[in-house]
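J.: To start, I am sharing the structure in question, which I have written as structure tokens.
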Amino acid sequence: MASIYGDFIKVSIFGQSHSEAIGVSIHNLPAGFEIDMEKLQSFLNRRAPGRSKYTTSRREEDIPEFISGLVGNRTCGAPLTAIIRNTNIISKDYDVIKDVPRPGHADYSAHIKYGGYEDYRGGGHFSGRLTAPLCIAGGIFIQILEEQKIEINSKILEIGGNAKEPYLEIERAMNDGDSVGGIVQCGIKGLRAGIGSPIFDGVENKISQAVFGIPGIKGIEFGEGFAIAKLKGSESKDEYYYEDGEIKTKTNNNGGILGGISNGMDIVFKVAVKPTPSISKEQDSISYSKGENTVLSVKGRHDPCIVPRILPCVEAAAAMAIFDLLMGECNVR
Ligand SMILES: Cc1cc2nc3c(=O)[nH]c(=O)nc-3n(C[C@H](O)[C@H](O)[C@H](O)COP(=O)(O)O)c2cc1C
Ligand SMILES: C=C(O[C@@H]1CC(C(=O)O)=C[C@@H](OP(=O)(O)O)[C@H]1O)C(=O)O
């Protein structure tokens, strides 16, 4: 396993849900940037588990320990490494999962790939917990991007198909031993025109690669996305106009990206988040040891819905992609 992202920066995420610690190493961070640690912690707290009745009850403080790359709070050019210790682990909840894979989780596919040596406890390296180190990296990139007047925000569009009262759907699913998914929208403001490269290094490519590093995301669309297929050319094109000497488009059906390159409008994308696979409702599965079909009801502590906690993860992934794209921009003298 590698779990490394980036062409110019290199972000390496390591650890498992029930290992001693999880963490991240970031290579090629510019030297001299002072990290606002309070701001970073607030960002991590938005993702941290065990903070509301709508999340897993596994509470972790998720306070990063920086073990290299900083002098004081300032980057020094050396690779930056931060870890978060796992402190609230109940591995016995996973004794059954070792033999009976959860439908919809990575248990079975990992079992085949790693020949039974995979860490099945808490989802191992596949756990949503690995988005904590992603948020350390992303939280730092967001701070650097903000200095350049680039801002990233996200919001919930719907949960369980309900846009008006999304938390009601979580409540219903919880009462039913079930889970729900949803749709999240992310916007990036302030990215200048001309960033990104065809054919494989466009803004869409880079954001998608980063976003699919977040477990549970099954779809992404930019601008009007799948709905653009229903529009006519006369409706979908984004017509240009000048405003105070700046070139803008009247609409943003293409989500701020044309030919893989930013056009100066907001970058807008949506992601589809699947319902949490671990549910107490009975599901069909198999037993490896017995070689027969069986029924599974997942015990333990799980998010009834991943959507509320995924917002900072999506922002972190977007920031990582934009930061890497900006570092690669030196096409014109
Ligand atoms: C923040 C976060 C929390 C998650 N919490 C859980 C959870 O409590 N239980 C669970 O089964 N899956 C949870 N997941 C989703 C699984 O990790 C994910 O579905 C699994 O690793 C398989 O990956 P895939 O869905 O991308 O195929 C969570 C994901 C994220 C991003
Ligand atoms: C701890 C976190 O969420 C975990 C994500 C997760 C999974 O399968 O993704 C399974 C659960 O792990 P455990 O069974 O050890 O409690 C969640 O609690 C976190 O996100 O920080």
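Every chain in the structure tokens has a letter given in the order shown (A, B, ...), and although residue numbers restart at 1 in each chain, ligands are simply numbered from 1 in the order shown.
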If you count only C-alpha atoms, which residues fall within 7 Å of Gly69 in chain A, apart from same-chain ones fewer than 6 positions away, as a list in words?
T.: Thr75, Cys76, Gly77, Ala78, Pro79, Leu80 and Thr81 of chain A
J.: What would the file look like if the residues just selected were written as an mmCIF file, in the first residue's frame with N, CA and C atoms?
T.:
```
data_model
loop_
_atom_site.group_PDB
_atom_site.id
_atom_site.type_symbol
_atom_site.label_atom_id
_atom_site.label_comp_id
_atom_site.auth_asym_id
_atom_site.auth_seq_id
_atom_site.Cartn_x
_atom_site.Cartn_y
_atom_site.Cartn_z
ATOM 1 N N THR A 75 6.915 26.208 9.231
ATOM 2 C CA THR A 75 7.513 25.153 8.403
ATOM 3 C C THR A 75 8.977 25.498 8.125
ATOM 4 N N CYS A 76 9.820 24.466 8.109
ATOM 5 C CA CYS A 76 11.259 24.731 7.933
ATOM 6 C C CYS A 76 11.786 24.120 6.632
ATOM 7 N N GLY A 77 10.898 23.572 5.809
ATOM 8 C CA GLY A 77 11.356 23.002 4.539
ATOM 9 C C GLY A 77 11.590 21.508 4.608
ATOM 10 N N ALA A 78 11.869 20.981 5.803
ATOM 11 C CA ALA A 78 12.048 19.527 5.955
ATOM 12 C C ALA A 78 10.666 18.863 5.900
ATOM 13 N N PRO A 79 10.607 17.593 5.516
ATOM 14 C CA PRO A 79 9.310 16.917 5.491
ATOM 15 C C PRO A 79 8.586 17.066 6.822
ATOM 16 N N LEU A 80 7.294 17.410 6.718
ATOM 17 C CA LEU A 80 6.499 17.610 7.941
ATOM 18 C C LEU A 80 5.748 16.310 8.245
ATOM 19 N N THR A 81 5.861 15.854 9.474
ATOM 20 C CA THR A 81 5.107 14.658 9.872
ATOM 21 C C THR A 81 4.309 14.959 11.128
#
```
J.: Ligand 2: which residues are within 8 Å, counting only C-alpha atoms and all ligand atoms, as JSON, numbers by chain?
T.: {"A": [17, 18, 47, 48, 49, 50, 56, 57, 58, 59, 60, 62, 88, 89, 90, 91, 93, 94, 105, 121, 122, 123, 124, 126, 127, 128, 129, 130, 131, 132, 215, 278, 300, 301, 302, 303]}
J.: Taking 4 positions as the minimum chain separation for residues in the same chain, which residues sit within 10 Å of Phe8 in chain A when counting only C-alpha atoms? Answer as a ChimeraX atom specification.
T.: /A:27-29,323-328
J.: Deliver the residues from the most recent selection as a file, using N, CA and C atoms, as an mmCIF file, in the first residue's frame.
T.:
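Printed below is out.cif as written:
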```cif
data_model
loop_
_atom_site.group_PDB
_atom_site.id
_atom_site.type_symbol
_atom_site.label_atom_id
_atom_site.label_comp_id
_atom_site.auth_asym_id
_atom_site.auth_seq_id
_atom_site.Cartn_x
_atom_site.Cartn_y
_atom_site.Cartn_z
ATOM 1 N N HIS A 27 5.717 16.290 1.983
ATOM 2 C CA HIS A 27 7.006 16.657 1.412
ATOM 3 C C HIS A 27 6.815 17.846 0.471
ATOM 4 N N ASN A 28 7.813 18.740 0.443
ATOM 5 C CA ASN A 28 7.837 19.917 -0.439
ATOM 6 C C ASN A 28 6.910 21.048 -0.008
ATOM 7 N N LEU A 29 6.556 21.078 1.280
ATOM 8 C CA LEU A 29 5.820 22.255 1.784
ATOM 9 C C LEU A 29 6.771 23.437 1.744
ATOM 10 N N PHE A 323 -3.622 23.047 -4.209
ATOM 11 C CA PHE A 323 -2.257 23.389 -3.806
ATOM 12 C C PHE A 323 -1.243 22.717 -4.734
ATOM 13 N N ASP A 324 -1.470 21.448 -5.038
ATOM 14 C CA ASP A 324 -0.551 20.721 -5.918
ATOM 15 C C ASP A 324 -0.580 21.307 -7.332
ATOM 16 N N LEU A 325 -1.777 21.670 -7.790
ATOM 17 C CA LEU A 325 -1.898 22.273 -9.122
ATOM 18 C C LEU A 325 -1.131 23.595 -9.188
ATOM 19 N N LEU A 326 -1.286 24.419 -8.146
ATOM 20 C CA LEU A 326 -0.620 25.723 -8.143
ATOM 21 C C LEU A 326 0.897 25.571 -8.118
ATOM 22 N N MET A 327 1.362 24.551 -7.380
ATOM 23 C CA MET A 327 2.820 24.336 -7.318
ATOM 24 C C MET A 327 3.382 23.938 -8.667
ATOM 25 N N GLY A 328 2.537 23.376 -9.516
ATOM 26 C CA GLY A 328 3.012 22.920 -10.829
ATOM 27 C C GLY A 328 2.893 23.964 -11.921
#
```
J.: Can you measure CA of Ser154 in chain A to CA of Asn263 in chain A for me? One decimal in Å is fine.
T.: 20.3 Å
J.: What's around Pro277 in chain A at 8 Å? Count only C-alpha atoms, leave out sequence neighbours fewer than 4 positions away in its own chain, and write the answer as a PDB file with C-alpha atoms, in the first residue's frame.
T.:
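Output below, filename part28.pdb:
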```
ATOM      1  CA  ARG A 102     -19.451  -6.530   6.099  1.00  0.00           C
ATOM      2  CA  PRO A 103     -21.322  -5.959   2.846  1.00  0.00           C
ATOM      3  CA  GLY A 104     -20.387  -2.513   1.508  1.00  0.00           C
ATOM      4  CA  HIS A 105     -17.181  -2.119   3.539  1.00  0.00           C
ATOM      5  CA  SER A 179     -27.885   4.305   7.722  1.00  0.00           C
TER       6      SER A 179
END
```
J.: Which residues are near Ile136 in chain A? Cut-off 10 Å, only C-alpha atoms, ignore same chain within fewer than 4 positions. Put them as a PyMOL selection string.
T.: chain A and resi 23-26+40-41+43-44+62-64+81-84+131-132+140-142+313+316
J.: Generate the output file for the selected residues, C-alpha atoms, as an mmCIF file, in the first residue's frame.
T.:
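In the end it all went to out08.cif:
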```
data_model
loop_
_atom_site.group_PDB
_atom_site.id
_atom_site.type_symbol
_atom_site.label_atom_id
_atom_site.label_comp_id
_atom_site.auth_asym_id
_atom_site.auth_seq_id
_atom_site.Cartn_x
_atom_site.Cartn_y
_atom_site.Cartn_z
ATOM 1 C CA GLY A 23 -0.617 10.282 10.596
ATOM 2 C CA VAL A 24 0.619 12.169 7.593
ATOM 3 C CA SER A 25 3.928 13.181 6.047
ATOM 4 C CA ILE A 26 4.008 16.149 3.689
ATOM 5 C CA LEU A 40 -6.110 23.908 12.439
ATOM 6 C CA GLN A 41 -7.572 22.302 15.576
ATOM 7 C CA PHE A 43 -10.858 22.435 11.438
ATOM 8 C CA LEU A 44 -9.983 18.963 12.776
ATOM 9 C CA ASP A 62 -7.714 14.142 17.453
ATOM 10 C CA ILE A 63 -4.960 16.498 18.545
ATOM 11 C CA PRO A 64 -2.020 16.275 16.127
ATOM 12 C CA THR A 81 5.107 14.658 9.872
ATOM 13 C CA ALA A 82 2.180 14.721 12.277
ATOM 14 C CA ILE A 83 0.565 11.871 14.127
ATOM 15 C CA ILE A 84 -2.689 11.428 16.021
ATOM 16 C CA THR A 131 -9.453 11.227 6.947
ATOM 17 C CA ALA A 132 -8.089 12.788 10.172
ATOM 18 C CA ILE A 140 -2.529 23.451 6.432
ATOM 19 C CA PHE A 141 -3.080 23.840 2.666
ATOM 20 C CA ILE A 142 -6.300 25.768 3.323
ATOM 21 C CA CYS A 313 -12.642 16.003 4.447
ATOM 22 C CA ALA A 316 -9.194 19.152 2.689
#
```
J.: Kindly indicate which residue among A:Lys113, A:Lys299, A:Lys248, A:Lys149 lies nearest to Leu191 in chain A, using only C-alpha atoms for the distances.
T.: A:Lys149
J.: What residues in range 105-267 of chain A get the DSSP label strand (DSSP E)? Please answer as an MDAnalysis selection string.
T.: chainID A and resid 151:159 182:189 217:222 240:243 246:249 257:258 261:262 267
J.: Could you please take those selected residues and save N, CA and C atoms as a compact mmCIF listing (two decimals), in the first residue's frame?
T.:
```txt
# COMPACT_ATOMS: atom_id res chain seq x y z
N GLU A 151 -10.54 30.57 -1.25
CA GLU A 151 -11.36 30.06 -0.15
C GLU A 151 -12.17 28.84 -0.56
N ILE A 152 -12.23 27.88 0.35
CA ILE A 152 -12.92 26.62 0.05
C ILE A 152 -14.02 26.40 1.09
N ASN A 153 -15.22 26.14 0.60
CA ASN A 153 -16.35 25.89 1.51
C ASN A 153 -17.15 24.70 1.01
N SER A 154 -17.88 24.08 1.93
CA SER A 154 -18.76 22.99 1.50
C SER A 154 -20.04 23.02 2.30
N LYS A 155 -21.06 22.40 1.74
CA LYS A 155 -22.34 22.34 2.45
C LYS A 155 -23.09 21.07 2.08
N ILE A 156 -24.02 20.70 2.97
CA ILE A 156 -24.85 19.52 2.71
C ILE A 156 -26.00 19.95 1.80
N LEU A 157 -26.20 19.22 0.70
CA LEU A 157 -27.35 19.51 -0.15
C LEU A 157 -28.55 18.65 0.25
N GLU A 158 -28.28 17.40 0.56
CA GLU A 158 -29.37 16.52 1.00
C GLU A 158 -28.82 15.30 1.72
N ILE A 159 -29.66 14.72 2.57
CA ILE A 159 -29.33 13.45 3.24
C ILE A 159 -30.53 12.53 3.07
N GLY A 182 -25.85 10.80 1.23
CA GLY A 182 -26.29 12.13 0.85
C GLY A 182 -25.39 12.78 -0.18
N ILE A 183 -25.67 14.06 -0.41
CA ILE A 183 -24.90 14.82 -1.41
C ILE A 183 -24.32 16.07 -0.77
N VAL A 184 -23.04 16.30 -1.05
CA VAL A 184 -22.33 17.47 -0.52
C VAL A 184 -21.83 18.31 -1.69
N GLN A 185 -21.95 19.63 -1.55
CA GLN A 185 -21.41 20.53 -2.58
C GLN A 185 -20.20 21.27 -2.04
N CYS A 186 -19.20 21.42 -2.89
CA CYS A 186 -17.99 22.14 -2.48
C CYS A 186 -17.70 23.25 -3.49
N GLY A 187 -17.32 24.41 -3.00
CA GLY A 187 -17.00 25.53 -3.87
C GLY A 187 -15.62 26.09 -3.55
N ILE A 188 -14.89 26.45 -4.61
CA ILE A 188 -13.56 27.04 -4.43
C ILE A 188 -13.59 28.42 -5.07
N LYS A 189 -13.42 29.45 -4.26
CA LYS A 189 -13.47 30.83 -4.75
C LYS A 189 -12.07 31.40 -4.82
N ILE A 217 -17.16 7.87 -0.66
CA ILE A 217 -17.60 8.72 -1.78
C ILE A 217 -17.69 7.86 -3.03
N LYS A 218 -18.83 7.92 -3.69
CA LYS A 218 -19.05 7.06 -4.85
C LYS A 218 -19.32 7.83 -6.13
N GLY A 219 -19.46 9.14 -6.04
CA GLY A 219 -19.71 9.90 -7.26
C GLY A 219 -19.23 11.32 -7.13
N ILE A 220 -18.90 11.92 -8.28
CA ILE A 220 -18.51 13.35 -8.28
C ILE A 220 -19.02 13.96 -9.57
N GLU A 221 -19.46 15.21 -9.50
CA GLU A 221 -19.82 15.92 -10.72
C GLU A 221 -19.41 17.37 -10.60
N PHE A 222 -18.98 17.94 -11.72
CA PHE A 222 -18.51 19.33 -11.75
C PHE A 222 -19.56 20.20 -12.43
N TYR A 240 -19.65 34.79 -22.15
CA TYR A 240 -18.69 35.72 -21.54
C TYR A 240 -19.21 37.15 -21.51
N TYR A 241 -18.70 37.91 -20.55
CA TYR A 241 -18.94 39.35 -20.53
C TYR A 241 -17.83 40.00 -19.69
N TYR A 242 -17.67 41.30 -19.90
CA TYR A 242 -16.70 42.04 -19.09
C TYR A 242 -17.39 42.68 -17.89
N GLU A 243 -16.76 42.59 -16.74
CA GLU A 243 -17.26 43.33 -15.57
C GLU A 243 -16.05 44.00 -14.90
N GLU A 246 -12.79 42.78 -15.97
CA GLU A 246 -12.51 41.33 -15.80
C GLU A 246 -13.42 40.49 -16.68
N ILE A 247 -12.89 39.41 -17.25
CA ILE A 247 -13.72 38.53 -18.07
C ILE A 247 -14.41 37.51 -17.16
N LYS A 248 -15.73 37.46 -17.29
CA LYS A 248 -16.51 36.52 -16.46
C LYS A 248 -17.46 35.76 -17.36
N THR A 249 -18.13 34.75 -16.78
CA THR A 249 -19.19 34.07 -17.54
C THR A 249 -20.51 34.33 -16.84
N ILE A 257 -14.36 25.20 -14.89
CA ILE A 257 -13.27 24.44 -15.53
C ILE A 257 -13.61 24.20 -17.00
N LEU A 258 -12.68 24.55 -17.89
CA LEU A 258 -12.84 24.27 -19.32
C LEU A 258 -11.52 23.71 -19.83
N ILE A 261 -8.77 23.33 -17.39
CA ILE A 261 -8.10 24.54 -16.89
C ILE A 261 -9.13 25.48 -16.26
N SER A 262 -8.77 26.09 -15.14
CA SER A 262 -9.70 27.00 -14.48
C SER A 262 -9.96 28.21 -15.38
N ILE A 267 -14.89 27.26 -8.75
CA ILE A 267 -14.87 25.82 -9.02
C ILE A 267 -16.00 25.23 -8.16
```
J.: Using only C-alpha atoms, which of A:Gly259, A:Gly177, A:Gly72, A:Gly245 sits nearest Glu282 in chain A?
T.: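 Checking each of A:Gly259, A:Gly177, A:Gly72, A:Gly245 against Glu282 in chain A, counting only C-alpha atoms, the winner is A:Gly177.
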J.: Identify which of the residues A:Asp107, A:Glu118, A:Glu169, A:Glu65 lies closest to ligand 1, counting only C-alpha atoms and all ligand atoms when measuring atom-to-atom distances.
T.: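 Residue with the minimum atom-to-atom distance to ligand 1: A:Asp107.
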J.: Rounded to one decimal place, report the CA of Ser285 in chain A-CA of Phe212 in chain A distance in Å.
T.: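 Separation between CA of Ser285 in chain A and CA of Phe212 in chain A: 25.8 Å.
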J.: Nearest to ligand 1: which of A:Ala163, A:Ile195, A:Ala319, A:Leu134 is it, counting only C-alpha atoms and all ligand atoms?
T.: A:Leu134
J.: Could you tell me how far CA of Ala317 in chain A sits from CA of Tyr5 in chain A, in Å to one decimal place?
T.: 10.0 Å
